[in-house]
Structure formats: C-alpha cells, structure tokens
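> Questions regarding the structure given below will be posed in turn.
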Amino acid sequence: MATGYLEILRAPHALRLLTGTLVGRLPNATAAIALVLFVRAEGGSYSLAGVLAAVYGVANAVGQPVLGRLVDLYGQPRVQLPAAVLAALAMAVFAVRGTDPLAAAYAAVAVSGLFAPPLEGGLRALWPSVLRREEQVRTAYALDAVAQEIMFTAGPLLVTLCVSLWDERAALLALNLLGVLGALSVVASPPSRAWRSAPREAHWLGALRSPGLLALLAAFLFVGIALGSITVASVSYADGHGGDAVYGWLMAGLGLGALAGGTVYGARAWAGAPERRLRVLVALLAVCYLPLMLMPGVVAMVLLSVVSGVFLAPCIACAFIIVDRHAPAGTVTEAFSWLVTTFTVGASAGTGLAGPVVQAGGTLWGFALPGAAGAVSLLVLLGTGRVLSAAARGAVVAASSENDPNRAAEPRFSSGDRA
C-alpha cells in the first residue's frame with residue numbers, strides 16, 4: 001500500500017505541491033474555529049461569531065468557482081498568489097480592528113473568504129502534468145482526499161496551539177501568513193508556472209455547461225448535507241453522554257474512518273468506469289450512516305462513527321476522476337472548484353437542517369438525516385446515469401491537453417477504463 005503513495009511523493013515537485021497546497025489552505029480550513037475563538041476573546045457573542053463564520057463560508061463558496069475560472073483563463077501564478085495576499089490582508093485588517101465597527105468586520109471577513117485562492121482545484125489540475133501515468137493520477141487523487149482529512153483534523157489543533165502560545169489575534173495573523181507562504185510555494189513551482197489550460201469555448205456557464213458535471217454536483221450536494229448533519233446530531237448525542245470530549249471523539253472517529261478508507265482505496269487499481277463505482281461507494285456511504293441511529297454507549301458510538309466515515313474519502317477521490325472526465329475543455333480548475341463549493345454549501349445546509357430536525361424529533365432523527373441524504377445522493381446518480389455515461393464517452397479525446405503548454409493533442413485520462 002505504501003509503495004504507491006511513496007511513488008507519488010517521490011515524483012518531481014509532487015511533495016512540494018501537496019504540502020504547499022495544504023499549508024496554503026490552512027486559513028480556509030481553520031477559519032470557522034479561528035473566527036469563533038477571536039470574536040469570543042474580543043467579548044463578542046457566539047451569535048456574532050457564528051454569523052461572521054457564515055459570512056466567510058458564503059463568500060468562500062462564491063469565490064472558489066469565480067477564481068477557478070480566472071485561473072483557467074490566466075494561469076495559476078497570476079491569480080492564486082494575489083488572491084492569497086488579498087485574503088490574508090483582509091483577515092489581518094479584521095484581526096487588528098476587531099469587531100467594531102460591525103460593518104467593517106463583516107466586510108473584511110467577506111473579502112477574506114471571497115479571495116481565498118482555489119488551491120484545491122489548482123492542485124488537481126496539476127496532477128496530470130506532474131504524474132504522467134493514469135494510475136498515478138488516480139492514486140494522487142486518493143492521496144489528496146486523505147491529506148484533506150489530516151488537514152481538517154490537525155488544523156483546529158494548530159489553532160489551539162497558536163492561541164496557547166500567543167493569543168487569538170496572533171493565531172489569525174500567523175495562519176494567514178502561512179497561507180500566503182503555502183500559495184507562494186505552489187505558484188513558484190515549475191509545474192504551476194508552466195501549466196496552461198486548454199483552449200476553451202466562450203460560454204457564460206463555463207464548466208456548468210457539462211450535464212455530467214451538473215449531475216455529479218447535484219449528487220455531492222446531498223453528500224455534503226449528510227456530513228453537515230452528522231456534526232449537529234453528534235453534538236446532541238454528546239450533550240447526553242459526556243459533553244464536548246465525547247463530541248471530539250466522535251468527530252475524530254469520523255476523520256479516522258475517512259483517512260483509513262481513502263488510504264486503502266487509493267492503494268489499488270480499480271477496473272471499470274468511475275461513474276458506476278461512485279454509485280456503489282455512495283450506496284455504502286449511506287448504509288454505513290444508518291447504524292448511528294442505534295445510539296449505543298460512547299465507546300461503541302465512536303466505533304460506529306469510524307465506520308460511518310470509511311467511504312467518505314473514497315467517494316471524494318472517485319469524484320475527482322469524474323470531474324476530470326466531464327469538465328469541458330479549458331475549465332478544469334473551475335470544475336474542481338465547483339465541486340468544492342457544492343460540497344461546502346451542502347455541509348452548511350446539512351448543519352442548518354439538522355438543527356430543527358433534532359429540536360423537533362430528537363437525536364435519533366438527527367442521525368437519520370445523514371442516511372436519508374446519502375440515499376438521495378444515490379438516487380441522483382442512478383437517475384442521471386445515462387447522462388454521466390454519455391458525457392464520459394463523448395470526452396475520449398480532448399482538443400489539447402489541460403496541462404500541456406505546447407498544446408499537443410493527447411488522450412484525456414477518461415479515455416481508459418481504469419481510473
């Protein structure tokens with residue numbers, strides 16, 4: 001298992017790109033907890049902290065596909081680094097001025113979220129140029145999904161470490177400085193500087209003119225809802241079984257399951273079309289959410305949370321392959337950014353939906369919501385199976401490589417039946 005991942009990391013520039021992207025995304029990944037801690041330290045209410053975190057999230061969801069389209073048009077260095085600097089400066093203004101006046105605080109947080117660079121989509125656009133073999137790209141997508149789980153687990157710990165060493169304001173400033181350095185490391189690399197998107201057909205919809213991509217985004221909206229609803233239901237469960245420490249263990253179990261599942265998934269080659277494989281993975285994801293409704297004791301519940309997360313990272317890694325197969329020529333970064341945005345919006349919607357459900361029906365119905373959302377995601381994939389398959393067959397050869405600055409024609413990775 002380790003051999004395939006080591007082969008990826010030993011490829012020229014691969015470790016630098018992966019590490020730089022993860023470091024560059026730290027401000028985004030830790031924004032919610034860092035904002036809450038800072039606002040509370042400034043004497044603000046939890047309501048204000050939540051609203052500011054929501055403003056950041058909405059702005060980020062809007063900015064990712066917009067910036068992704070600009071990357072496809074103008075290249076990574078011209079967009080990623082200026083965006084990272086603007087996002088960091090806006091958050092620095094917020095950290096220095098605090099929450100007074102409120103209008104300025106909202107504006108600074110919104111600008112920071114809006115200009116968070118689309119490093120996640122940019123990395124996935126770079127993998128085919130760094131790793132020339134299709135099976136290596138598939139493994140890199142899985143490694144990418146696993147690395148996300150590590151980042152979202154380690155990120156909050158890094159915030160609390162910064163707060164304990166300095167204070168909440170210093171934590172905000174340090175994390176955003178790290179974000180700029182991470183983005184700089186990526187855009188200064190030869191693959192990022194050399195990367196050019198394929199010629200694109202002028203169309204206001206951009207990547208969204210692909211029916212296959214729209215079908216995938218619709219399905220992943222509900223996967224996001226499932227994940228977001230688990231967090232609220234877990235809080236409700238923890239309130240009756242030990243409090244915050246239990247909630248932390250449940251979230252850690254979910255991340256551990258995703259980490260293990262993604263690691264195993266990426267360690268082998270999978271035959272057949274990824275569209276069919278995604279249907280199986282989403283079905284297993286939905287099924288593994290159902291045992292959470294049993295709500296046993298804490299130890300058993302943590303184990304069930306591990307099981308519930310096992311198929312999350314494989315679903316995400318498989319979706320990366322499908323995005324590459326269905327994105328219209330010249331829109332690959334934008335397409336990946338739309339997946340990020342859709343998943344984020346879904347998670348936010350799941351969080352908002354689970355609150356009233358738990359309030360009205362109790363914790364049991366809160367844990368029923370992830371399974372139901374997973375089932376709807378599967379129904380979307382089944383209902384759009386013909387669209388996904390037709391789009392994939394129609395994209396066997398691209399007019400030119402998404403990653404070749406010489407515009408040499410070559411098969412897309414969708415041309416094979418192994419992904």
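Lettering and numbering for the structure tokens are positional, with chains as A, B, ... in the shown order, residues counted from 1 in each chain, and ligands counted from 1 in the shown order.
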Mind running stretch 234-332 of chain A against stretch 143-162 of chain A at 10 Å and telling me each contacting residue's nearest atom pair with the distance in Å (one decimal), counting only C-alpha atoms, chain and number ascending, as a tab-separated table?

```
residue	atom	partner	partner_atom	distance
A:Met251	CA	A:Thr153	CA	8.8
A:Ala252	CA	A:Thr153	CA	7.2
A:Leu254	CA	A:Glu149	CA	9.5
A:Gly255	CA	A:Glu149	CA	6.0
A:Leu256	CA	A:Glu149	CA	8.0
A:Gly257	CA	A:Glu149	CA	9.6
A:Ala258	CA	A:Glu149	CA	6.9
A:Leu259	CA	A:Val146	CA	5.3
A:Ala260	CA	A:Val146	CA	8.1
A:Gly261	CA	A:Val146	CA	8.5
A:Gly262	CA	A:Val146	CA	5.5
A:Thr263	CA	A:Val146	CA	6.4
A:Val264	CA	A:Val146	CA	10.0
A:Tyr265	CA	A:Leu143	CA	9.5
A:Gly266	CA	A:Leu143	CA	6.8
A:Ala267	CA	A:Leu143	CA	9.2
A:Leu312	CA	A:Ala145	CA	9.1
A:Ala313	CA	A:Ala145	CA	5.6
A:Pro314	CA	A:Ala145	CA	7.7
A:Cys315	CA	A:Ala145	CA	9.2
A:Ile316	CA	A:Ala145	CA	6.5
A:Ala317	CA	A:Ala145	CA	5.9
A:Cys318	CA	A:Ala145	CA	9.6
A:Phe320	CA	A:Ala145	CA	9.2
```
> Could you take the residues named above and write them with all heavy atoms, as a short mmCIF file (atom, residue, chain, number, x, y, z; two decimals), in the first residue's frame?

```cif
data_model
loop_
_atom_site.label_atom_id
_atom_site.label_comp_id
_atom_site.auth_asym_id
_atom_site.auth_seq_id
_atom_site.Cartn_x
_atom_site.Cartn_y
_atom_site.Cartn_z
N MET A 251 -16.04 13.14 16.25
CA MET A 251 -15.51 13.78 15.05
C MET A 251 -14.15 13.19 14.66
O MET A 251 -13.85 13.00 13.47
CB MET A 251 -15.37 15.28 15.28
CG MET A 251 -16.70 16.02 15.42
SD MET A 251 -17.76 15.90 13.94
CE MET A 251 -18.85 14.55 14.41
N ALA A 252 -13.34 12.85 15.67
CA ALA A 252 -12.06 12.21 15.38
C ALA A 252 -12.28 10.83 14.75
O ALA A 252 -11.55 10.44 13.84
CB ALA A 252 -11.24 12.09 16.66
N LEU A 254 -14.86 9.92 12.93
CA LEU A 254 -15.29 10.14 11.55
C LEU A 254 -14.10 10.41 10.64
O LEU A 254 -13.98 9.86 9.54
CB LEU A 254 -16.27 11.31 11.52
CG LEU A 254 -17.00 11.60 10.21
CD1 LEU A 254 -17.96 10.48 9.88
CD2 LEU A 254 -17.74 12.92 10.29
N GLY A 255 -13.19 11.27 11.11
CA GLY A 255 -11.99 11.57 10.33
C GLY A 255 -11.08 10.38 10.18
O GLY A 255 -10.50 10.14 9.11
N LEU A 256 -10.94 9.58 11.25
CA LEU A 256 -10.10 8.39 11.18
C LEU A 256 -10.65 7.39 10.18
O LEU A 256 -9.90 6.77 9.41
CB LEU A 256 -10.01 7.75 12.57
CG LEU A 256 -9.19 6.45 12.65
CD1 LEU A 256 -7.74 6.70 12.26
CD2 LEU A 256 -9.28 5.86 14.06
N GLY A 257 -11.97 7.22 10.17
CA GLY A 257 -12.57 6.30 9.20
C GLY A 257 -12.33 6.75 7.78
O GLY A 257 -11.99 5.94 6.90
N ALA A 258 -12.50 8.06 7.52
CA ALA A 258 -12.26 8.59 6.17
C ALA A 258 -10.80 8.43 5.79
O ALA A 258 -10.47 8.10 4.64
CB ALA A 258 -12.67 10.06 6.11
N LEU A 259 -9.90 8.65 6.74
CA LEU A 259 -8.47 8.51 6.49
C LEU A 259 -8.13 7.07 6.11
O LEU A 259 -7.42 6.82 5.13
CB LEU A 259 -7.68 8.94 7.73
CG LEU A 259 -6.16 8.84 7.67
CD1 LEU A 259 -5.61 9.76 6.61
CD2 LEU A 259 -5.57 9.17 9.03
N ALA A 260 -8.67 6.11 6.87
CA ALA A 260 -8.39 4.70 6.59
C ALA A 260 -9.01 4.28 5.25
O ALA A 260 -8.35 3.60 4.44
CB ALA A 260 -8.95 3.84 7.72
N GLY A 261 -10.25 4.68 5.01
CA GLY A 261 -10.91 4.31 3.77
C GLY A 261 -10.21 4.88 2.55
O GLY A 261 -10.02 4.18 1.55
N GLY A 262 -9.83 6.15 2.62
CA GLY A 262 -9.14 6.76 1.50
C GLY A 262 -7.79 6.14 1.24
O GLY A 262 -7.37 5.97 0.09
N THR A 263 -7.07 5.78 2.31
CA THR A 263 -5.75 5.16 2.16
C THR A 263 -5.85 3.82 1.46
O THR A 263 -5.08 3.53 0.54
CB THR A 263 -5.10 5.00 3.54
OG1 THR A 263 -5.00 6.27 4.19
CG2 THR A 263 -3.72 4.39 3.41
N VAL A 264 -6.80 3.00 1.89
CA VAL A 264 -6.97 1.68 1.27
C VAL A 264 -7.47 1.82 -0.17
O VAL A 264 -6.99 1.13 -1.07
CB VAL A 264 -7.95 0.82 2.10
CG1 VAL A 264 -8.26 -0.49 1.38
CG2 VAL A 264 -7.36 0.54 3.48
N TYR A 265 -8.40 2.73 -0.39
CA TYR A 265 -8.97 2.90 -1.73
C TYR A 265 -7.89 3.31 -2.74
O TYR A 265 -7.86 2.80 -3.87
CB TYR A 265 -10.06 3.97 -1.69
CG TYR A 265 -10.62 4.34 -3.05
CD1 TYR A 265 -11.60 3.57 -3.65
CD2 TYR A 265 -10.14 5.47 -3.73
CE1 TYR A 265 -12.11 3.90 -4.89
CE2 TYR A 265 -10.65 5.81 -4.98
CZ TYR A 265 -11.63 5.02 -5.55
OH TYR A 265 -12.11 5.35 -6.79
N GLY A 266 -7.02 4.20 -2.36
CA GLY A 266 -6.00 4.68 -3.29
C GLY A 266 -4.85 3.73 -3.50
O GLY A 266 -4.00 3.96 -4.37
N ALA A 267 -4.80 2.64 -2.71
CA ALA A 267 -3.66 1.74 -2.78
C ALA A 267 -3.80 0.69 -3.87
O ALA A 267 -2.86 -0.07 -4.12
CB ALA A 267 -3.46 1.05 -1.44
N LEU A 312 -16.25 7.94 2.89
CA LEU A 312 -16.31 9.35 2.50
C LEU A 312 -15.14 9.74 1.59
O LEU A 312 -15.34 10.29 0.50
CB LEU A 312 -16.33 10.24 3.75
CG LEU A 312 -16.34 11.74 3.49
CD1 LEU A 312 -17.59 12.14 2.71
CD2 LEU A 312 -16.26 12.52 4.80
N ALA A 313 -13.92 9.49 2.02
CA ALA A 313 -12.76 9.84 1.20
C ALA A 313 -12.73 9.09 -0.13
O ALA A 313 -12.41 9.69 -1.17
CB ALA A 313 -11.47 9.60 1.98
N PRO A 314 -13.07 7.79 -0.18
CA PRO A 314 -13.16 7.14 -1.50
C PRO A 314 -14.19 7.79 -2.42
O PRO A 314 -13.95 7.90 -3.63
CB PRO A 314 -13.57 5.70 -1.15
CG PRO A 314 -12.99 5.48 0.21
CD PRO A 314 -13.14 6.80 0.91
N CYS A 315 -15.32 8.23 -1.87
CA CYS A 315 -16.31 8.93 -2.70
C CYS A 315 -15.71 10.21 -3.28
O CYS A 315 -15.89 10.51 -4.47
CB CYS A 315 -17.55 9.27 -1.88
SG CYS A 315 -18.66 7.88 -1.56
N ILE A 316 -15.00 10.96 -2.45
CA ILE A 316 -14.40 12.21 -2.91
C ILE A 316 -13.33 11.94 -3.95
O ILE A 316 -13.27 12.61 -4.99
CB ILE A 316 -13.82 12.98 -1.71
CG1 ILE A 316 -14.95 13.41 -0.77
CG2 ILE A 316 -13.03 14.20 -2.17
CD1 ILE A 316 -14.47 14.03 0.53
N ALA A 317 -12.47 10.95 -3.71
CA ALA A 317 -11.40 10.63 -4.66
C ALA A 317 -11.98 10.18 -6.00
O ALA A 317 -11.48 10.55 -7.07
CB ALA A 317 -10.50 9.54 -4.08
N CYS A 318 -13.05 9.38 -5.96
CA CYS A 318 -13.69 8.93 -7.20
C CYS A 318 -14.33 10.12 -7.93
O CYS A 318 -14.29 10.20 -9.16
CB CYS A 318 -14.74 7.88 -6.87
SG CYS A 318 -15.43 7.03 -8.31
N PHE A 320 -13.22 13.13 -7.98
CA PHE A 320 -12.16 13.88 -8.66
C PHE A 320 -11.93 13.34 -10.07
O PHE A 320 -11.76 14.10 -11.02
CB PHE A 320 -10.85 13.78 -7.87
CG PHE A 320 -10.88 14.44 -6.52
CD1 PHE A 320 -9.93 14.12 -5.56
CD2 PHE A 320 -11.85 15.37 -6.19
CE1 PHE A 320 -9.94 14.72 -4.32
CE2 PHE A 320 -11.88 15.98 -4.96
CZ PHE A 320 -10.91 15.64 -4.02
#
```
> Tell me, as number ranges by chain, which residues lie within 12 Å of stretch 40-57 of chain A, counting only C-alpha atoms; anything in the same chain fewer than 4 positions away does not count.
A: 27-36, 61-64, 87, 90-91, 94-100, 102-116, 163, 167-171, 340-349, 351-352
> Check the smallest atom-to-atom distance from each of A:Ala226, A:Leu369, A:Ala327, A:Leu339 to A:Arg209 using only C-alpha atoms, then report the winner.
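Between A:Ala226, A:Leu369, A:Ala327, A:Leu339, the residue approaching A:Arg209 most closely is A:Ala327.
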> Using only C-alpha atoms, which protein or nucleic acid residues come within 12 Å of A:Arg25? Drop anything in the same chain fewer than 6 positions from it, and give the result as a PyMOL selection string.
chain A and resi 18-19+31+60+80+84+87-88+113+115-123+147-148+151-152+155+175-184+186
> Given the choices A:Leu208, A:Ala273, A:Ala300, A:Leu22, which gets closest to A:Ala335 if the distance is worked out from only C-alpha atoms?
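Ranking A:Leu208, A:Ala273, A:Ala300, A:Leu22 by distance to A:Ala335, first place goes to A:Leu208.
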> Identify which of the residues A:Ser236, A:Thr384, A:Thr21, A:Ser185 lies closest to A:Leu364, counting only C-alpha atoms when measuring atom-to-atom distances.
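Among A:Ser236, A:Thr384, A:Thr21, A:Ser185, it is A:Ser236 that comes nearest to A:Leu364.
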> Using only C-alpha atoms, pick whichever of A:Gly385, A:Gly206, A:Pro211, A:Pro190 has the shortest atom-to-atom distance to A:Pro274.
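Of the candidates, the smallest distance to A:Pro274 is held by A:Gly385.
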> Kindly give the distance, in Å, that separates atom CA of A:Arg325 and atom CA of A:Ala269, rounded to a single decimal.
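That distance, rounded to one decimal, is 17.2 Å.
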> Would you pick out the contacts of A:Leu216 at 10 Å or less, using only C-alpha atoms, so that residues sharing its chain but fewer than 6 positions from it are not included, and give the list as a list in words?
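What passes the distance filter is Glu275, Leu278, Ala319, Ile322, Val323, His326, Leu339, Thr342, Ser377, Val380, Leu381, Thr384, Gly385 and Leu388 of chain A.
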> Go through A:Gly4, A:Val39, A:Ala125, A:Gly362 one by one, measure the shortest atom-to-atom distance of each to A:Gly240 using only C-alpha atoms, and give the residue with the smallest value.
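Of A:Gly4, A:Val39, A:Ala125, A:Gly362, the one nearest A:Gly240 is A:Gly362, counting only C-alpha atoms.
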> Step one, run DSSP on the backbone; step two, keep only residues of stretch 26-264 of chain A assigned to helix (DSSP H, G or I); then write them as a ChimeraX atom specification.
/A:26-29,31-41,46-74,76-97,102-114,119-130,134-165,168-187,190-194,206-209,211-239,244-264
> One decimal, Å: what's the distance from atom CA of A:Gly75 over to atom CA of A:Gly224, could you say?
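Separation of atom CA of A:Gly75 and atom CA of A:Gly224: 29.2 Å.
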